[in-house]
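Coordinates from run-v4.cif are shown below (mmCIF, C-alpha atoms).
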data_structure
#
loop_
_atom_site.label_atom_id
_atom_site.label_comp_id
_atom_site.auth_asym_id
_atom_site.auth_seq_id
_atom_site.Cartn_x
_atom_site.Cartn_y
_atom_site.Cartn_z
CA MET A 1 72.88 136.43 113.38
CA ILE A 2 71.76 135.38 109.88
CA GLN A 3 74.20 134.29 107.22
CA LEU A 4 76.43 136.87 105.52
CA ARG A 5 75.11 138.58 102.39
CA ASP A 6 77.47 141.35 101.31
CA ALA A 7 80.41 140.59 103.56
CA LEU A 8 83.28 138.09 103.55
CA SER A 9 84.02 135.77 106.46
CA ILE A 10 87.59 134.52 107.06
CA SER A 11 88.21 132.00 109.83
CA ILE A 12 91.05 132.89 112.22
CA ASN A 13 90.78 129.99 114.66
CA GLU A 14 88.13 127.82 116.28
CA ASP A 15 86.56 130.76 118.09
CA PHE A 16 86.87 133.88 115.90
CA GLU A 17 86.53 135.00 112.29
CA LEU A 18 87.27 138.20 110.39
CA ILE A 19 84.40 140.01 108.67
CA LEU A 20 85.16 142.24 105.66
CA ALA A 21 82.49 144.49 104.17
CA SER A 22 83.01 147.01 101.35
CA ASP A 23 81.30 149.77 99.42
CA CYS A 24 82.35 151.84 96.43
CA SER A 25 81.18 154.92 94.56
CA GLY A 26 82.03 156.54 91.25
CA GLY A 27 81.03 159.80 89.59
CA ILE A 28 80.06 161.36 92.92
CA GLY A 29 82.15 164.30 94.14
CA MET A 30 83.40 167.71 93.07
CA LYS A 31 85.17 166.90 89.79
CA LYS A 32 83.80 168.43 86.60
CA GLY A 33 82.88 165.00 85.22
CA ASP A 34 80.98 163.84 88.31
CA GLU A 35 77.28 163.15 87.81
CA VAL A 36 76.38 164.11 91.39
CA GLN A 37 78.14 167.19 92.76
CA VAL A 38 78.75 166.78 96.49
CA ASP A 39 81.46 167.42 99.08
CA PRO A 40 83.91 164.48 99.35
CA GLU A 41 83.32 164.43 103.12
CA ILE A 42 79.72 163.37 102.46
CA VAL A 43 80.93 160.72 99.99
CA GLY A 44 83.35 159.37 102.60
CA TYR A 45 80.66 159.36 105.26
CA PHE A 46 78.12 157.41 103.24
CA GLY A 47 80.71 155.00 101.85
CA PHE A 48 81.70 154.21 105.42
CA ARG A 49 78.06 154.03 106.47
CA VAL A 50 77.24 151.26 103.99
CA SER A 51 80.26 149.11 104.77
CA VAL A 52 80.08 149.52 108.55
CA MET A 53 76.36 148.68 108.61
CA GLU A 54 77.08 145.47 106.70
CA CYS A 55 79.95 144.66 109.04
CA LEU A 56 78.05 145.33 112.26
CA SER A 57 74.86 143.61 111.08
CA ALA A 58 76.94 140.44 110.65
CA GLY A 59 77.64 140.56 114.38
CA ALA A 60 81.20 141.82 114.10
CA ARG A 61 83.12 144.26 116.28
CA LEU A 62 84.75 146.90 114.08
CA MET A 63 88.57 146.74 114.10
CA ALA A 64 89.74 149.00 111.25
CA VAL A 65 88.64 151.01 108.20
CA GLN A 66 90.44 151.13 104.85
CA LEU A 67 90.00 153.79 102.14
CA LEU A 68 90.86 153.28 98.46
CA ASN A 69 90.93 156.77 96.97
CA PHE A 70 91.06 157.12 93.18
CA THR A 71 90.15 160.81 93.17
CA GLY A 72 93.55 162.27 94.10
CA ASP A 73 95.68 163.18 97.11
CA SER A 74 93.91 166.50 97.61
CA VAL A 75 90.63 164.91 98.77
CA TRP A 76 92.04 162.28 101.14
CA GLU A 77 91.46 164.38 104.24
CA ARG A 78 87.89 165.17 103.19
CA TYR A 79 87.11 161.49 102.67
CA ALA A 80 88.78 160.65 105.99
CA ALA A 81 86.79 163.39 107.74
CA GLY A 82 83.55 161.76 106.55
CA VAL A 83 84.66 158.39 107.90
CA ARG A 84 85.64 159.93 111.23
CA LEU A 85 82.22 161.58 111.46
CA GLY A 86 80.60 158.17 111.11
CA LEU A 87 82.96 156.65 113.67
CA SER A 88 82.10 159.46 116.08
CA GLU A 89 78.37 158.79 115.69
CA LEU A 90 79.04 155.17 116.65
CA GLY A 91 81.26 156.12 119.59
CA MET A 92 84.23 154.44 117.90
CA ASP A 93 86.68 157.33 117.53
CA ASP A 94 89.65 155.09 118.38
CA ILE A 95 89.22 152.80 115.35
CA PRO A 96 92.30 153.04 113.05
CA LEU A 97 91.86 154.39 109.51
CA THR A 98 94.29 153.57 106.71
CA GLY A 99 94.35 153.23 102.92
CA SER A 100 95.88 154.46 99.69
CA SER A 101 95.45 157.17 97.04
CA GLU A 102 95.99 157.00 93.31
CA SER A 103 98.54 159.75 92.69
CA ASN A 104 100.12 158.71 89.39
CA PHE A 105 97.12 159.32 87.15
CA ASN A 106 94.35 161.92 87.21
CA LEU A 107 90.87 160.48 86.61
CA ASN A 108 88.06 162.53 85.12
CA GLN A 109 85.58 161.40 87.77
CA SER A 110 85.77 160.80 91.51
CA ALA A 111 85.97 157.22 92.78
CA LEU A 112 86.22 155.78 96.27
CA GLY A 113 86.22 152.36 97.93
CA VAL A 114 85.69 151.78 101.67
CA THR A 115 86.30 148.51 103.50
CA CYS A 116 85.40 147.85 107.13
CA ILE A 117 87.27 145.07 108.89
CA GLY A 118 85.68 143.48 111.93
CA MET A 119 85.91 140.40 114.09
CA ARG A 120 83.14 138.21 115.46
CA VAL A 121 82.78 135.15 117.66
CA LYS A 122 81.75 132.05 115.74
CA GLU A 123 78.24 131.06 116.72
CA PRO A 124 75.90 128.28 115.54
CA PRO A 125 72.94 129.50 113.41
CA HIS A 126 70.04 130.58 115.61
CA LEU A 127 66.70 128.81 115.43
CA PRO A 128 63.80 130.67 113.78
CA HIS A 129 61.67 132.67 116.22
CA PRO A 130 58.01 131.54 116.08
CA SER A 131 56.45 135.02 115.86
CA LEU A 132 58.51 137.77 114.25
CA SER A 133 57.40 141.08 112.84
CA TYR A 134 59.32 143.16 110.31
CA ALA A 135 59.82 146.87 109.78
CA LEU A 136 61.67 149.27 107.52
CA ILE A 137 63.58 151.92 109.45
CA GLY A 138 64.29 155.06 107.42
CA THR A 139 63.43 155.79 103.79
CA PRO A 140 65.07 154.36 100.63
CA LEU A 141 66.92 157.24 98.93
CA VAL A 142 69.48 157.45 96.15
CA GLY A 143 71.59 160.11 94.44
CA GLU A 144 70.61 163.72 95.11
CA GLU A 145 67.60 162.52 97.15
CA VAL A 146 70.09 161.80 99.94
CA LEU A 147 70.91 165.51 100.14
CA ILE A 148 67.34 166.75 99.71
CA HIS A 149 65.63 164.43 102.22
CA GLU A 150 68.32 164.20 104.89
CA SER A 151 65.78 164.02 107.72
CA SER A 152 64.35 160.79 106.25
CA ILE A 153 67.66 158.94 106.59
CA ALA A 154 67.87 156.46 109.46
CA PRO A 155 70.59 157.76 111.82
CA LEU A 156 73.73 155.67 112.13
CA ASP A 157 73.58 155.73 115.92
CA LEU A 158 69.99 154.42 115.76
CA PHE A 159 71.22 151.50 113.66
CA HIS A 160 73.87 150.78 116.30
CA THR A 161 71.26 150.98 119.08
CA CYS A 162 68.99 148.54 117.22
CA ILE A 163 71.82 146.02 116.88
CA GLN A 164 72.14 145.91 120.66
CA HIS A 165 68.42 145.90 121.49
CA PRO A 166 67.29 142.59 123.05
CA SER A 167 63.94 142.54 121.22
CA ILE A 168 65.48 142.90 117.76
CA VAL A 169 66.35 139.48 116.38
CA ASP A 170 68.07 140.54 113.17
CA ILE A 171 68.98 143.63 111.20
CA LEU A 172 70.01 144.26 107.61
CA PRO A 173 70.88 147.50 105.76
CA VAL A 174 69.00 148.07 102.49
CA GLY A 175 71.20 148.67 99.45
CA SER A 176 70.72 149.35 95.76
CA LYS A 177 68.59 146.24 95.14
CA GLY A 178 65.79 147.51 97.36
CA VAL A 179 63.76 146.38 100.34
CA ARG A 180 62.18 143.28 98.77
CA HIS A 181 65.56 141.81 97.87
CA GLU A 182 67.02 142.35 101.34
CA LEU A 183 63.84 141.17 103.08
CA SER A 184 63.98 137.96 101.01
CA LEU A 185 67.48 137.36 102.38
CA LEU A 186 66.28 138.08 105.88
CA VAL A 187 63.39 135.58 105.78
CA GLY A 188 65.33 133.02 103.74
CA LYS A 189 63.00 132.77 100.73
CA PRO A 190 62.27 134.85 97.60
CA LEU A 191 59.44 137.32 98.03
CA LYS A 192 57.40 138.32 94.97
CA ARG A 193 55.16 141.32 94.40
CA GLY A 194 52.10 140.85 96.56
CA ASP A 195 53.98 138.86 99.20
CA VAL A 196 54.85 142.01 101.15
CA TYR A 197 52.66 144.99 101.99
CA SER A 198 54.19 148.42 102.50
CA LEU A 199 53.38 152.03 101.74
CA HIS A 200 56.83 152.38 100.16
CA ASP A 201 58.26 151.19 96.85
CA LEU A 202 59.94 147.92 97.83
CA ASP A 203 62.13 147.76 94.73
CA LYS A 204 63.53 151.30 94.93
CA SER A 205 67.25 151.67 95.57
CA SER A 206 68.19 152.65 99.11
CA GLY A 207 71.47 153.98 97.75
CA PRO A 208 74.02 154.44 100.55
CA ALA A 209 71.97 152.39 103.05
CA THR A 210 69.66 155.24 104.04
CA SER A 211 67.31 152.62 105.52
CA PHE A 212 67.50 149.22 107.13
CA ILE A 213 65.20 146.29 107.93
CA ILE A 214 64.67 144.75 111.35
CA SER A 215 62.95 141.61 112.53
CA TYR A 216 61.71 141.76 116.10
CA LYS A 217 59.59 139.95 118.65
CA LYS A 218 55.97 140.76 117.88
CA GLU A 219 55.04 141.25 121.53
CA ASP A 220 57.57 144.10 121.80
CA GLU A 221 56.21 146.13 118.88
CA LYS A 222 55.27 149.19 120.97
CA ASN A 223 58.79 149.41 122.40
CA ILE A 224 60.32 149.07 118.93
CA MET A 225 58.07 151.80 117.53
CA LYS A 226 59.08 154.10 120.37
CA LEU A 227 62.77 153.30 119.90
CA THR A 228 62.65 154.08 116.16
CA ASP A 229 60.27 157.03 116.53
CA GLY A 230 59.64 158.80 113.23
CA HIS A 231 61.56 156.26 111.16
CA TYR A 232 59.41 153.15 111.73
CA LYS A 233 57.49 151.72 108.76
CA PRO A 234 55.80 148.30 109.13
CA LEU A 235 56.39 145.51 106.61
CA THR A 236 53.67 142.88 106.42
CA ILE A 237 54.52 139.51 104.86
CA SER A 238 51.53 137.53 103.63
#
Could you write out this file's structure as structure tokens?
Amino acid sequence: MIQLRDALSISINEDFELILASDCSGGIGMKKGDEVQVDPEIVGYFGFRVSVMECLSAGARLMAVQLLNFTGDSVWERYAAGVRLGLSELGMDDIPLTGSSESNFNLNQSALGVTCIGMRVKEPPHLPHPSLSYALIGTPLVGEEVLIHESSIAPLDLFHTCIQHPSIVDILPVGSKGVRHELSLLVGKPLKRGDVYSLHDLDKSSGPATSFIISYKKEDEKNIMKLTDGHYKPLTIS
């Protein structure tokens, strides 16, 4: 796997390390002051989605999920239901969920933090593959677009399948900084406008990781396109 970007690595011993990945949101929920009105279950789901994709893409096995709820006790179960939905999509229903709620003060807007805790085996950095191709899976969406264009979101179970596919060398969820930023991290060098060709806006926010990037063995392109049917979008690096 490539080096960590948005996750923290903590060495446990000579063989294993903890991986911590987090996401947060504010002003998204059902409070009067929220800028985006949406069910807290959806907020919990997408908060979990971002952090678990970061955790799993680092090569970790998920061990636990932690919620930091600043919205109030009344929404805890809705947030938790969203997380459990994501866990179910990954076939990880037995993963423990814990956390805390702010109950002393009432905020005017909703706020949530999600941390995924995983463990991975320490491995030496892999050598660059001589002929890799790149693709964007899903569509970058943010805010209310996530609700309007739900069918364009890369499914969480597809992300999990891609992680385990032998032809996919690396995988990285796209966040608020856009495809170009994440692709630069993936290839290990900054990519400017004109360095990458795509039909999509490469600088647009992908919000709650509605899309992800893969690098894969060029000779297996047909298999990858079939695997990611309907969500595959090529990225050409000049």
Skip Ala64 in chain A itself and residues of its chain fewer than 2 positions away, then list as a VMD selection string all residues within 9 Å of it, counting only C-alpha atoms.
chain A and resid 62 66 95 to 98 115 to 118
Write the residues of the preceding selection, restricted to C-alpha atoms, as a JSON list (two decimals), in the frame of the given file.
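Result went into out_13.json, see below:
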[["chain", "number", "residue", "atom", "x", "y", "z"],
["A", 62, "LEU", "CA", 84.75, 146.90, 114.08],
["A", 66, "GLN", "CA", 90.44, 151.13, 104.85],
["A", 95, "ILE", "CA", 89.22, 152.80, 115.35],
["A", 96, "PRO", "CA", 92.30, 153.04, 113.05],
["A", 97, "LEU", "CA", 91.86, 154.39, 109.51],
["A", 98, "THR", "CA", 94.29, 153.57, 106.71],
["A", 115, "THR", "CA", 86.30, 148.51, 103.50],
["A", 116, "CYS", "CA", 85.40, 147.85, 107.13],
["A", 117, "ILE", "CA", 87.27, 145.07, 108.89],
["A", 118, "GLY", "CA", 85.68, 143.48, 111.93]]
At a cut-off of 9 Å, using all atoms listed in the file, what residues contact Ile163 in chain A? Leave out same-chain residues fewer than 6 positions from it and give the result as a PyMOL selection string.
chain A and resi 56-57+59+169-171
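Proximity of A:Gly99, A:Ala60, A:Ile12, A:Tyr197 to Met119 in chain A, computed with all atoms listed in the file, is greatest for A:Ala60.
Distance check against Thr71 in chain A using all atoms listed in the file: of A:Gly86, A:Gly29, A:Gly207, A:Gly91, the minimum falls on A:Gly29.
Among the candidates A:Asn108, A:Ser176, A:Ser131, A:Thr236, the one nearest to Glu35 in chain A when counting only C-alpha atoms is A:Asn108.
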For range 229-233 of chain A, work out the shell of residues within 12 Å, counting all atoms listed in the file and skipping chain neighbours fewer than 6 positions away, then give it as a PyMOL selection string.
chain A and resi 133-140+151-155+158-159+162+179+197-202+210-214+221-223
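Going from CA of Asn13 in chain A to CA of Ala58 in chain A covers 17.8 Å.
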Measure the distance from CA of Gly27 in chain A to CA of Gly178 in chain A in Å and round it to one decimal.
21.1 Å
Hey, what comes out of the PyMOL selection byres ((chain A and resi 177) around 12) on this file? Could you write it as a list in words?
Asp6, Pro140, Leu141, Val142, Pro173, Val174, Gly175, Ser176, Gly178, Val179, Arg180, His181, Glu182, Leu183, Ser184, Leu185, Asp201, Leu202, Asp203, Lys204, Ser205, Ser206, Gly207, Pro208 and Ala209 of chain A
Nearest to Asn106 in chain A among A:Leu68, A:Ser74, A:Gly188, A:Ile237, with distances taken over all atoms listed in the file: which residue is it?
A:Ser74
Selection in question (the file shown): the PyMOL selection byres ((chain A and resi 101) around 12). Which residues does it include, as JSON, numbers by chain?
{"A": [66, 67, 68, 69, 70, 71, 72, 73, 74, 75, 76, 77, 79, 80, 98, 99, 100, 102, 103, 104, 105, 106, 107, 110, 111, 112, 113]}
Interatomic distance, CA of Val114 in chain A to CA of Glu144 in chain A (Å, one decimal)
20.3 Å
In terms of the shortest atom-to-atom distance over only C-alpha atoms, which of A:Val121, A:Leu132, A:Leu147, A:Met63 is closest to Phe16 in chain A?
A:Val121
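Counting only C-alpha atoms and comparing A:Arg78, A:Glu14, A:Met225, A:Leu235, the residue that lies closest to Met30 in chain A is A:Arg78.
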Using 5 Å of padding on each side, determine the axis-aligned box around all atoms of range 175-187 of chain A present in the file and give its centre and edge lengths in Å to one decimal, as lines of an AutoDock Vina configuration file.
center_x = 66.7
center_y = 142.5
center_z = 100.5
size_x = 19.0
size_y = 23.8
size_z = 20.7
Quick one: residues within 9 Å of (79.8, 161.7, 109.5) (file frame), counting all atoms listed in the file, please, as a list in words.
Glu41, Ile42, Gly44, Tyr45, Phe46, Phe48, Arg49, Ala81, Gly82, Val83, Arg84, Leu85, Gly86, Leu87, Ser88, Glu89 and Leu156 of chain A
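The result of the PyMOL selection byres ((chain A and resi 217) around 6) on the shown file is Leu132, Ser167, Tyr216, Lys218, Glu219 and Asp220 of chain A.
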Output for the residues just chosen: C-alpha atoms as a short mmCIF file (atom, residue, chain, number, x, y, z; two decimals), in the coordinates of the input:
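What ended up in result22.cif:
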data_model
loop_
_atom_site.label_atom_id
_atom_site.label_comp_id
_atom_site.auth_asym_id
_atom_site.auth_seq_id
_atom_site.Cartn_x
_atom_site.Cartn_y
_atom_site.Cartn_z
CA LEU A 132 58.51 137.77 114.25
CA SER A 167 63.94 142.54 121.22
CA TYR A 216 61.71 141.76 116.10
CA LYS A 218 55.97 140.76 117.88
CA GLU A 219 55.04 141.25 121.53
CA ASP A 220 57.57 144.10 121.80
#
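Near (74.2, 154.8, 118.5), the residues that fall inside 6 Å on the basis of all atoms listed in the file are Leu90, Asp157, Leu158, His160 and Thr161 of chain A.
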